[in-house]
Structures are given as C-alpha cells and as structure tokens.
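*Asks:* Pasting in a structure now, in structure tokens, and then I'll have a few things to ask.
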Amino acid sequence: MVCVEEYAVRVLVTGGAGYIGSHVVRSLQGSGHTVAVLDDFSTGSRRRVGADVPVEDGSLLDTAFVEASLRRLSADAVVHIAAKKAVEESVADPLFYYRENVAGMQSVLEAMVSAGTRRLLFSSSAAVYGASATSPVTETSPTDPSSPYGWTKLMCEQMIRDVSLAHGLSWSALRYFNVAGAADPTLADRGESNLIPKVFRAISSGVRPQIYGDTYPTPDGSCLRDYIHVNDVADAHATVLEHMENADLCTVYNIGTGTGTSVFDVMTAVRLVTGVDFECDICPPRPGDPADVVADPAKIRAELGWASQYDLGSAVESAWKAWSDAPS
Ligand code: WQD
C-alpha cells in the first residue's frame, strides 16, 4: 500500500532535453516521480537527459505519436515546455511560432484527452503581459503581449482553459519571468536570445556587450527585469505537481522573485562573478521592450507556500560556471 504522499506521479515532460525542461526533469525525479521526455531535439540536447530517463524522440505535431507516448508511460501528467521562445524570431516568422507553439499545444491537448491524461503544467511566460505591464505584475494584471511569441503563450493558456472545461483537466500555467543560471554545465543555457548568455558570449569573444537603451523611466535608465534561477523554476514545477496529487487546479502562477534588476546591475554582477572588467556599448532601445517587468509572486506563496530561494548573484555565478565548463 503506497501512501498518498509517497505516490510517484508518472510525468511526460515535453521539451525535457532543453535548458529549462532538463532542470524540471531533474527536479521531478528528485521528488520521486517517474519521468519521461518527449523532444524532437531541434534545439534540445541528449547530453541534458539522464541515461535513466526514457526518451520519446519525435514531433509534438504528430498527435498519434504524442498519444502513444502518453500510453507507453501510462502518464498521469504532462509538463508541456517544448516551444520556440525567441521573441525577435517570432516577429520575423510568426507562422512558424503559431505552428510550433499553438498547433503544438493543440496536439498535446488532443493526445491528453484521447489518452486520458488529465493533469497539465504549462510553461507560460511573463511575455503575456507585454510592454504595457506595470510592475509588480500580478496574475490579474492586464495581458497585452507585444510579440507573436507572447501571443502564442496567451493563446495556449486560453486553449487549456477551454479544453479543461470540456474535458475536466487539472492544470496550471506557470508564467516564467527571466530565467537564468544552471544546475550544472551539461544543463547550461547555450541559447543566443537572452541577456546573460549573450553577455557571456560577448566577453568570451572580447566583444563589448550591448545595453539596449539607458533612457527608460527606471532608477538607472536601463530596463528592469525579474531574473529567477532555473533551479527555482524547476522546484516550482515539483511544488505545483505535488499539489495536483490532492486537488484539481485550474490557475495561473507568476514564477519570479519579486525583485527587479536593471541591465546595468546584471553587468555589474557579471563583472563580479567573472572577474572580467569590461565596458558596454549603449545602443538604442529594442522595439517592444517594456521598461519594467517584475513579478508579484504573492499568489503562489499564499496558495502553495512556494517562494524563490536563489538570488541574482547565484544565478549569474552558476550560469558562468556552466558556460565556462560546458562542452562547446
Ligand atoms: C532582458 C533585458 C533587454 C540583450 C525574454 C522573452 C522570453 C521570456 C523572458 C521565457 C531586456 C536587455 C538584452 C542584450 C540588453 N522567457 N538586453 N542587451 O526580452 O526581458 O524577455 O525573456 O518565456 O524569452 O520574453 O529577455 O534576455 O532578451 O532581455 O540590454 O544584448 O536585457 O532590453 O531589458 P526579455 P532578454
């Protein structure tokens, strides 16, 4: 007889070979759950997936494949992380983003309904709040995405709501703020699109990092963001899943620290951690960048007792260690 609190959930993590997905896989395994990964390895890496984790190698858009994967695992839950997330790329190629992120979501939902898997954690984003966001941002703040990427995340949230009402899903959408750091070098964020890895790439190549604008209405003129350690993001998934074992959820949570950090502050943290004393180039503001997007994380703390544990320095330090040690 397995006590409820010891019951391991069988979870399929889509995008589990990616930067955030691989951290979530480790966190769920650490919480005693049985995890499998579904990934097409278009951006994910097998190096990020432990040898003990079954891998379903294929496309989200192949609904029959996704359903068969759910049945092979006898999955109780899906953590849907697989998506394209480069904001500028989404502006240049919106149809690609609507296919991958929105049609991909539809395929996952269809497969879940067919397979009878009724718990869903969805990787959403602070990008749903857009340029009009007023910090601190709560889950009831207006949503007004300023990129196709942000719109795909908001559309997916609505799809989940509608399917949940029709088919009785238990779900939570986790709106990640700016994710940084790494648990170890194999899980480093090697992407080109976010600030911290871009700064690492610049200083590792002897190039001056760029600051997109220093005339914003913020204390030092550069944009404020809520940088949250990927370990905290992964831990939040385990907490939400644990709560789903005993009660249905149908809700959205901000996953942030509640602390705003400016781009200048990030550069200072990078100098401190790396020991590299670099100058930056001040460039024109990037179109669509809101001045200030910082989470109010009170809802998940009040309802689930979860709060972030790591600060910016530890995120930058772990990211730099992973960047420096990771295989190229
Ligand atoms: C952070 C800050 C830039 C690069 C993204 C996406 C999405 C989401 C959150 C998951 C901004 C500034 C950047 C550079 C700079 N993640 N910057 N020089 O745009 O806040 O949001 O992350 O859903 O990926 O919405 O993140 O890392 O691109 O920028 O000055 O070379 O750094 O202006 O203020 P962003 P970012």
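Labeling convention for the structure tokens: chains A, B, ... as they appear, residues from 1 per chain, ligands from 1 in order of appearance.
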Using only C-alpha atoms and all ligand atoms, tabulate the residues of chain A lying at most 6 Å from any atom of ligand 1, each with its closest atom pair and that distance in Å to one decimal, by chain and increasing residue number, as a Markdown table.

*Replies:*
```
| residue | atom | partner | partner_atom_place_in_ligand_line | distance |
| --- | --- | --- | --- | --- |
| A:Lys85 | CA | ligand 1 | 24 (O) | 5.3 |
| A:Ala86 | CA | ligand 1 | 24 (O) | 5.8 |
| A:Val87 | CA | ligand 1 | 6 (C) | 5.8 |
| A:Ser125 | CA | ligand 1 | 23 (O) | 4.2 |
| A:Ala127 | CA | ligand 1 | 25 (O) | 4.7 |
| A:Tyr176 | CA | ligand 1 | 23 (O) | 5.9 |
| A:Phe177 | CA | ligand 1 | 9 (C) | 5.5 |
| A:Asn178 | CA | ligand 1 | 9 (C) | 4.5 |
| A:Ser193 | CA | ligand 1 | 28 (O) | 5.8 |
| A:Asn194 | CA | ligand 1 | 27 (O) | 3.2 |
| A:Leu195 | CA | ligand 1 | 27 (O) | 3.7 |
| A:Lys198 | CA | ligand 1 | 31 (O) | 5.8 |
| A:Gln210 | CA | ligand 1 | 18 (N) | 4.8 |
| A:Ile211 | CA | ligand 1 | 30 (O) | 3.5 |
| A:Tyr212 | CA | ligand 1 | 30 (O) | 3.8 |
| A:Cys223 | CA | ligand 1 | 34 (O) | 4.4 |
| A:Val263 | CA | ligand 1 | 32 (O) | 5.6 |
| A:Arg286 | CA | ligand 1 | 33 (O) | 5.9 |
| A:Asp289 | CA | ligand 1 | 33 (O) | 5.8 |
```

*Asks:* Pick out the residues sitting within 7 Å of Ser123 of chain A, and hand them over as a ChimeraX atom specification; count only C-alpha atoms, and ignore anything fewer than 2 positions along from it in its own chain.

*Replies:* /A:80-81,121,125,173-175

*Asks:* If you keep N, CA, C and O atoms, can you produce a file of those selected residues as a tab-separated table (two decimals), in the first residue's frame?

*Replies:*
```tsv
chain	number	residue	atom	x	y	z
A	80	HIS	N	4.28	20.60	-20.13
A	80	HIS	CA	4.49	20.99	-21.53
A	80	HIS	C	5.39	22.22	-21.61
A	80	HIS	O	4.96	23.34	-21.34
A	81	ILE	N	6.65	21.96	-21.97
A	81	ILE	CA	7.66	23.03	-22.01
A	81	ILE	C	8.12	23.28	-23.45
A	81	ILE	O	8.55	24.37	-23.79
A	121	LEU	N	0.82	20.82	-16.54
A	121	LEU	CA	1.55	22.03	-16.17
A	121	LEU	C	2.04	22.64	-17.47
A	121	LEU	O	2.65	21.94	-18.29
A	125	SER	N	4.67	32.41	-19.84
A	125	SER	CA	5.74	33.39	-19.81
A	125	SER	C	5.24	34.76	-19.38
A	125	SER	O	4.09	35.11	-19.64
A	173	ALA	N	-0.83	27.07	-15.37
A	173	ALA	CA	0.10	27.72	-16.30
A	173	ALA	C	1.11	28.50	-15.45
A	173	ALA	O	0.72	29.32	-14.62
A	174	LEU	N	2.38	28.22	-15.66
A	174	LEU	CA	3.42	28.88	-14.88
A	174	LEU	C	4.06	29.96	-15.76
A	174	LEU	O	4.68	29.64	-16.77
A	175	ARG	N	3.87	31.22	-15.39
A	175	ARG	CA	4.40	32.34	-16.18
A	175	ARG	C	5.81	32.65	-15.67
A	175	ARG	O	6.00	33.35	-14.69
```

*Asks:* Report as a PyMOL selection string all protein, DNA and RNA residues lying within 10 Å of Tyr310 of chain A, evaluated on only C-alpha atoms, omitting residues in the same chain fewer than 6 positions from it.

*Replies:* chain A and resi 181+227-232+257

*Asks:* Counting only C-alpha atoms, which residue out of A:Ala83, A:Val273, A:Ala131, A:Val53 sits closest to Ser147 of chain A?

*Replies:*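 Closest candidate: A:Ala131.
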
*Asks:* Excluding Ser324 of chain A and its own-chain neighbours fewer than 4 positions away, which residues fall within 10 Å of it when counting only C-alpha atoms? Please give them as a ChimeraX atom specification.

*Replies:* /A:185,188,200,204,274,318-320,328

*Asks:* So, with only C-alpha atoms as the atoms that count, which of A:Phe278, A:Gly16, A:Gly260, A:Ala315 lies closest to Gly206 of chain A?

*Replies:*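 The answer is A:Phe278, which sits nearest to Gly206 of chain A.
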
*Asks:* Between atom CA of Lys321 of chain A and atom CA of Arg190 of chain A, what distance in Å does the model show, to one decimal?

*Replies:*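 Computing it gives 12.5 Å between the two atoms.
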
*Asks:* Mind giving me the straight-line distance from atom CA of Trp171 of chain A to atom CA of Gly104 of chain A in Å, one decimal?

*Replies:* 16.9 Å

*Asks:* Which residues come within 10 Å of Met112 of chain A, counting only C-alpha atoms, excluding same-chain residues fewer than 2 positions away, as a PDB file with all heavy atoms, in the first residue's frame?

*Replies:*
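File produced: part29.pdb:
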```
ATOM      1  N   THR A  63       0.257  13.999 -33.394  1.00  0.00           N
ATOM      2  CA  THR A  63      -0.624  13.748 -32.240  1.00  0.00           C
ATOM      3  C   THR A  63      -0.682  12.268 -31.886  1.00  0.00           C
ATOM      4  O   THR A  63      -0.688  11.895 -30.707  1.00  0.00           O
ATOM      5  CB  THR A  63      -2.034  14.280 -32.523  1.00  0.00           C
ATOM      6  OG1 THR A  63      -1.942  15.647 -32.934  1.00  0.00           O
ATOM      7  CG2 THR A  63      -2.925  14.187 -31.291  1.00  0.00           C
ATOM      8  N   VAL A  66       2.341  11.524 -29.882  1.00  0.00           N
ATOM      9  CA  VAL A  66       2.243  12.051 -28.520  1.00  0.00           C
ATOM     10  C   VAL A  66       1.309  11.171 -27.691  1.00  0.00           C
ATOM     11  O   VAL A  66       1.621  10.796 -26.558  1.00  0.00           O
ATOM     12  CB  VAL A  66       1.752  13.510 -28.517  1.00  0.00           C
ATOM     13  CG1 VAL A  66       1.621  14.047 -27.091  1.00  0.00           C
ATOM     14  CG2 VAL A  66       2.694  14.397 -29.324  1.00  0.00           C
ATOM     15  N   GLU A  67       0.180  10.768 -28.271  1.00  0.00           N
ATOM     16  CA  GLU A  67      -0.757   9.909 -27.546  1.00  0.00           C
ATOM     17  C   GLU A  67      -0.115   8.560 -27.217  1.00  0.00           C
ATOM     18  O   GLU A  67      -0.214   8.066 -26.085  1.00  0.00           O
ATOM     19  CB  GLU A  67      -2.028   9.674 -28.355  1.00  0.00           C
ATOM     20  CG  GLU A  67      -3.037   8.795 -27.609  1.00  0.00           C
ATOM     21  CD  GLU A  67      -4.273   8.473 -28.433  1.00  0.00           C
ATOM     22  OE1 GLU A  67      -4.496   9.117 -29.482  1.00  0.00           O
ATOM     23  OE2 GLU A  67      -5.007   7.555 -28.013  1.00  0.00           O
ATOM     24  N   LEU A  70       2.147   8.949 -24.313  1.00  0.00           N
ATOM     25  CA  LEU A  70       1.402   9.033 -23.045  1.00  0.00           C
ATOM     26  C   LEU A  70       0.956   7.642 -22.595  1.00  0.00           C
ATOM     27  O   LEU A  70       1.033   7.287 -21.422  1.00  0.00           O
ATOM     28  CB  LEU A  70       0.191   9.948 -23.210  1.00  0.00           C
ATOM     29  CG  LEU A  70       0.490  11.438 -23.384  1.00  0.00           C
ATOM     30  CD1 LEU A  70      -0.788  12.198 -23.768  1.00  0.00           C
ATOM     31  CD2 LEU A  70       1.103  12.026 -22.121  1.00  0.00           C
ATOM     32  N   ARG A  71       0.530   6.834 -23.533  1.00  0.00           N
ATOM     33  CA  ARG A  71       0.063   5.483 -23.188  1.00  0.00           C
ATOM     34  C   ARG A  71       1.229   4.593 -22.789  1.00  0.00           C
ATOM     35  O   ARG A  71       1.141   3.824 -21.822  1.00  0.00           O
ATOM     36  CB  ARG A  71      -0.689   4.851 -24.369  1.00  0.00           C
ATOM     37  CG  ARG A  71      -2.014   5.536 -24.679  1.00  0.00           C
ATOM     38  CD  ARG A  71      -2.779   4.803 -25.783  1.00  0.00           C
ATOM     39  NE  ARG A  71      -3.994   5.539 -26.157  1.00  0.00           N
ATOM     40  CZ  ARG A  71      -5.138   5.488 -25.458  1.00  0.00           C
ATOM     41  NH1 ARG A  71      -5.191   4.781 -24.331  1.00  0.00           N
ATOM     42  NH2 ARG A  71      -6.209   6.174 -25.851  1.00  0.00           N
ATOM     43  N   ALA A  75       0.952   7.824 -18.482  1.00  0.00           N
ATOM     44  CA  ALA A  75       1.199   9.138 -17.869  1.00  0.00           C
ATOM     45  C   ALA A  75      -0.003   9.633 -17.075  1.00  0.00           C
ATOM     46  O   ALA A  75      -1.144   9.600 -17.528  1.00  0.00           O
ATOM     47  CB  ALA A  75       1.561  10.147 -18.961  1.00  0.00           C
ATOM     48  N   ASP A  76       0.321  10.115 -15.850  1.00  0.00           N
ATOM     49  CA  ASP A  76      -0.698  10.801 -15.031  1.00  0.00           C
ATOM     50  C   ASP A  76      -0.721  12.293 -15.360  1.00  0.00           C
ATOM     51  O   ASP A  76      -1.729  12.964 -15.117  1.00  0.00           O
ATOM     52  CB  ASP A  76      -0.340  10.684 -13.535  1.00  0.00           C
ATOM     53  CG  ASP A  76      -0.169   9.247 -13.097  1.00  0.00           C
ATOM     54  OD1 ASP A  76      -1.153   8.490 -13.202  1.00  0.00           O
ATOM     55  OD2 ASP A  76       0.944   8.876 -12.683  1.00  0.00           O
ATOM     56  N   ALA A  77       0.429  12.791 -15.855  1.00  0.00           N
ATOM     57  CA  ALA A  77       0.557  14.250 -16.025  1.00  0.00           C
ATOM     58  C   ALA A  77       1.494  14.574 -17.179  1.00  0.00           C
ATOM     59  O   ALA A  77       2.368  13.758 -17.533  1.00  0.00           O
ATOM     60  CB  ALA A  77       1.097  14.879 -14.737  1.00  0.00           C
ATOM     61  N   VAL A  78       1.294  15.756 -17.733  1.00  0.00           N
ATOM     62  CA  VAL A  78       2.191  16.310 -18.751  1.00  0.00           C
ATOM     63  C   VAL A  78       2.725  17.635 -18.238  1.00  0.00           C
ATOM     64  O   VAL A  78       1.969  18.442 -17.678  1.00  0.00           O
ATOM     65  CB  VAL A  78       1.453  16.563 -20.083  1.00  0.00           C
ATOM     66  CG1 VAL A  78       2.316  17.360 -21.068  1.00  0.00           C
ATOM     67  CG2 VAL A  78       1.017  15.243 -20.712  1.00  0.00           C
ATOM     68  N   GLN A 106      -2.213  22.386 -29.227  1.00  0.00           N
ATOM     69  CA  GLN A 106      -3.452  21.676 -29.605  1.00  0.00           C
ATOM     70  C   GLN A 106      -3.205  20.180 -29.686  1.00  0.00           C
ATOM     71  O   GLN A 106      -3.985  19.371 -29.180  1.00  0.00           O
ATOM     72  CB  GLN A 106      -3.945  22.185 -30.962  1.00  0.00           C
ATOM     73  CG  GLN A 106      -5.197  21.457 -31.442  1.00  0.00           C
ATOM     74  CD  GLN A 106      -5.689  21.924 -32.800  1.00  0.00           C
ATOM     75  OE1 GLN A 106      -5.278  22.983 -33.291  1.00  0.00           O
ATOM     76  NE2 GLN A 106      -6.558  21.146 -33.416  1.00  0.00           N
ATOM     77  N   SER A 107      -2.080  19.817 -30.271  1.00  0.00           N
ATOM     78  CA  SER A 107      -1.751  18.393 -30.437  1.00  0.00           C
ATOM     79  C   SER A 107      -1.589  17.716 -29.078  1.00  0.00           C
ATOM     80  O   SER A 107      -2.076  16.605 -28.846  1.00  0.00           O
ATOM     81  CB  SER A 107      -0.458  18.260 -31.252  1.00  0.00           C
ATOM     82  OG  SER A 107      -0.127  16.911 -31.451  1.00  0.00           O
ATOM     83  N   VAL A 108      -0.926  18.398 -28.162  1.00  0.00           N
ATOM     84  CA  VAL A 108      -0.728  17.833 -26.810  1.00  0.00           C
ATOM     85  C   VAL A 108      -2.079  17.661 -26.117  1.00  0.00           C
ATOM     86  O   VAL A 108      -2.362  16.618 -25.518  1.00  0.00           O
ATOM     87  CB  VAL A 108       0.203  18.738 -25.971  1.00  0.00           C
ATOM     88  CG1 VAL A 108       0.168  18.367 -24.491  1.00  0.00           C
ATOM     89  CG2 VAL A 108       1.630  18.678 -26.498  1.00  0.00           C
ATOM     90  N   LEU A 109      -2.936  18.658 -26.239  1.00  0.00           N
ATOM     91  CA  LEU A 109      -4.255  18.577 -25.594  1.00  0.00           C
ATOM     92  C   LEU A 109      -5.086  17.447 -26.201  1.00  0.00           C
ATOM     93  O   LEU A 109      -5.730  16.665 -25.479  1.00  0.00           O
ATOM     94  CB  LEU A 109      -4.981  19.914 -25.715  1.00  0.00           C
ATOM     95  CG  LEU A 109      -4.423  21.044 -24.832  1.00  0.00           C
ATOM     96  CD1 LEU A 109      -4.995  22.399 -25.257  1.00  0.00           C
ATOM     97  CD2 LEU A 109      -4.718  20.777 -23.356  1.00  0.00           C
ATOM     98  N   GLU A 110      -5.063  17.322 -27.519  1.00  0.00           N
ATOM     99  CA  GLU A 110      -5.815  16.233 -28.166  1.00  0.00           C
ATOM    100  C   GLU A 110      -5.304  14.873 -27.688  1.00  0.00           C
ATOM    101  O   GLU A 110      -6.086  13.969 -27.372  1.00  0.00           O
ATOM    102  CB  GLU A 110      -5.673  16.339 -29.694  1.00  0.00           C
ATOM    103  CG  GLU A 110      -6.472  17.477 -30.305  1.00  0.00           C
ATOM    104  CD  GLU A 110      -6.161  17.709 -31.775  1.00  0.00           C
ATOM    105  OE1 GLU A 110      -5.129  17.197 -32.264  1.00  0.00           O
ATOM    106  OE2 GLU A 110      -6.943  18.418 -32.441  1.00  0.00           O
ATOM    107  N   SER A 114      -7.381  12.024 -25.533  1.00  0.00           N
ATOM    108  CA  SER A 114      -7.521  10.644 -26.057  1.00  0.00           C
ATOM    109  C   SER A 114      -6.927   9.611 -25.106  1.00  0.00           C
ATOM    110  O   SER A 114      -7.470   8.529 -24.913  1.00  0.00           O
ATOM    111  CB  SER A 114      -6.814  10.522 -27.416  1.00  0.00           C
ATOM    112  OG  SER A 114      -7.391  11.399 -28.334  1.00  0.00           O
ATOM    113  N   ALA A 115      -5.805   9.978 -24.497  1.00  0.00           N
ATOM    114  CA  ALA A 115      -5.097   9.005 -23.645  1.00  0.00           C
ATOM    115  C   ALA A 115      -5.629   8.996 -22.218  1.00  0.00           C
ATOM    116  O   ALA A 115      -5.249   8.125 -21.423  1.00  0.00           O
ATOM    117  CB  ALA A 115      -3.599   9.325 -23.640  1.00  0.00           C
ATOM    118  N   GLY A 116      -6.467   9.971 -21.873  1.00  0.00           N
ATOM    119  CA  GLY A 116      -6.998  10.033 -20.505  1.00  0.00           C
ATOM    120  C   GLY A 116      -6.020  10.598 -19.491  1.00  0.00           C
ATOM    121  O   GLY A 116      -6.138  10.352 -18.285  1.00  0.00           O
ATOM    122  N   THR A 117      -5.018  11.367 -19.954  1.00  0.00           N
ATOM    123  CA  THR A 117      -4.076  12.034 -19.033  1.00  0.00           C
ATOM    124  C   THR A 117      -4.675  13.396 -18.672  1.00  0.00           C
ATOM    125  O   THR A 117      -4.897  14.211 -19.565  1.00  0.00           O
ATOM    126  CB  THR A 117      -2.695  12.228 -19.704  1.00  0.00           C
ATOM    127  OG1 THR A 117      -2.205  10.959 -20.115  1.00  0.00           O
ATOM    128  CG2 THR A 117      -1.711  12.888 -18.752  1.00  0.00           C
ATOM    129  N   ARG A 118      -4.923  13.629 -17.365  1.00  0.00           N
ATOM    130  CA  ARG A 118      -5.734  14.811 -17.091  1.00  0.00           C
ATOM    131  C   ARG A 118      -5.037  15.909 -16.313  1.00  0.00           C
ATOM    132  O   ARG A 118      -5.649  16.931 -15.984  1.00  0.00           O
ATOM    133  CB  ARG A 118      -7.016  14.410 -16.375  1.00  0.00           C
ATOM    134  CG  ARG A 118      -6.871  13.661 -15.085  1.00  0.00           C
ATOM    135  CD  ARG A 118      -8.274  13.330 -14.529  1.00  0.00           C
ATOM    136  NE  ARG A 118      -9.055  14.544 -14.354  1.00  0.00           N
ATOM    137  CZ  ARG A 118      -8.957  15.336 -13.274  1.00  0.00           C
ATOM    138  NH1 ARG A 118      -8.073  15.051 -12.329  1.00  0.00           N
ATOM    139  NH2 ARG A 118      -9.711  16.406 -13.159  1.00  0.00           N
ATOM    140  N   ARG A 119      -3.719  15.753 -16.009  1.00  0.00           N
ATOM    141  CA  ARG A 119      -3.024  16.842 -15.305  1.00  0.00           C
ATOM    142  C   ARG A 119      -2.022  17.495 -16.241  1.00  0.00           C
ATOM    143  O   ARG A 119      -1.244  16.808 -16.913  1.00  0.00           O
ATOM    144  CB  ARG A 119      -2.278  16.287 -14.081  1.00  0.00           C
ATOM    145  CG  ARG A 119      -3.185  15.734 -13.010  1.00  0.00           C
ATOM    146  CD  ARG A 119      -2.355  15.178 -11.857  1.00  0.00           C
ATOM    147  NE  ARG A 119      -3.108  14.179 -11.122  1.00  0.00           N
ATOM    148  CZ  ARG A 119      -2.543  13.282 -10.311  1.00  0.00           C
ATOM    149  NH1 ARG A 119      -1.226  13.281 -10.143  1.00  0.00           N
ATOM    150  NH2 ARG A 119      -3.275  12.396  -9.675  1.00  0.00           N
ATOM    151  N   LEU A 120      -2.026  18.828 -16.250  1.00  0.00           N
ATOM    152  CA  LEU A 120      -1.159  19.566 -17.171  1.00  0.00           C
ATOM    153  C   LEU A 120      -0.519  20.760 -16.465  1.00  0.00           C
ATOM    154  O   LEU A 120      -1.224  21.584 -15.872  1.00  0.00           O
ATOM    155  CB  LEU A 120      -1.971  20.066 -18.369  1.00  0.00           C
ATOM    156  CG  LEU A 120      -1.260  20.985 -19.366  1.00  0.00           C
ATOM    157  CD1 LEU A 120      -0.055  20.310 -20.008  1.00  0.00           C
ATOM    158  CD2 LEU A 120      -2.257  21.447 -20.447  1.00  0.00           C
ATOM    159  N   HIS A 167     -13.312  18.887 -20.848  1.00  0.00           N
ATOM    160  CA  HIS A 167     -12.847  17.508 -20.618  1.00  0.00           C
ATOM    161  C   HIS A 167     -12.313  17.264 -19.217  1.00  0.00           C
ATOM    162  O   HIS A 167     -11.788  16.177 -18.927  1.00  0.00           O
ATOM    163  CB  HIS A 167     -11.758  17.152 -21.649  1.00  0.00           C
ATOM    164  CG  HIS A 167     -12.248  17.186 -23.071  1.00  0.00           C
ATOM    165  ND1 HIS A 167     -12.968  16.153 -23.642  1.00  0.00           N
ATOM    166  CD2 HIS A 167     -12.155  18.151 -24.021  1.00  0.00           C
ATOM    167  CE1 HIS A 167     -13.285  16.481 -24.895  1.00  0.00           C
ATOM    168  NE2 HIS A 167     -12.809  17.690 -25.154  1.00  0.00           N
ATOM    169  N   LEU A 169      -9.757  18.755 -17.271  1.00  0.00           N
ATOM    170  CA  LEU A 169      -8.319  18.721 -16.940  1.00  0.00           C
ATOM    171  C   LEU A 169      -8.075  19.464 -15.632  1.00  0.00           C
ATOM    172  O   LEU A 169      -8.802  20.389 -15.290  1.00  0.00           O
ATOM    173  CB  LEU A 169      -7.495  19.395 -18.048  1.00  0.00           C
ATOM    174  CG  LEU A 169      -7.567  18.839 -19.461  1.00  0.00           C
ATOM    175  CD1 LEU A 169      -6.563  19.576 -20.348  1.00  0.00           C
ATOM    176  CD2 LEU A 169      -7.298  17.336 -19.477  1.00  0.00           C
TER     177      LEU A 169
END
```

*Asks:* Once DSSP has gone over the backbone, tell me which residues of segment 75-204 of chain A are in strand (DSSP E or B), as a ChimeraX atom specification.

*Replies:* /A:77-80,119-125,137,170-176,178-180

*Asks:* Have a look at A:Met155, A:Ala295, A:Glu56, A:Ala51 and name the one nearest to Ser141 of chain A; count only C-alpha atoms.

*Replies:*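 Checking each candidate against Ser141 of chain A, we get A:Ala295 as the closest.
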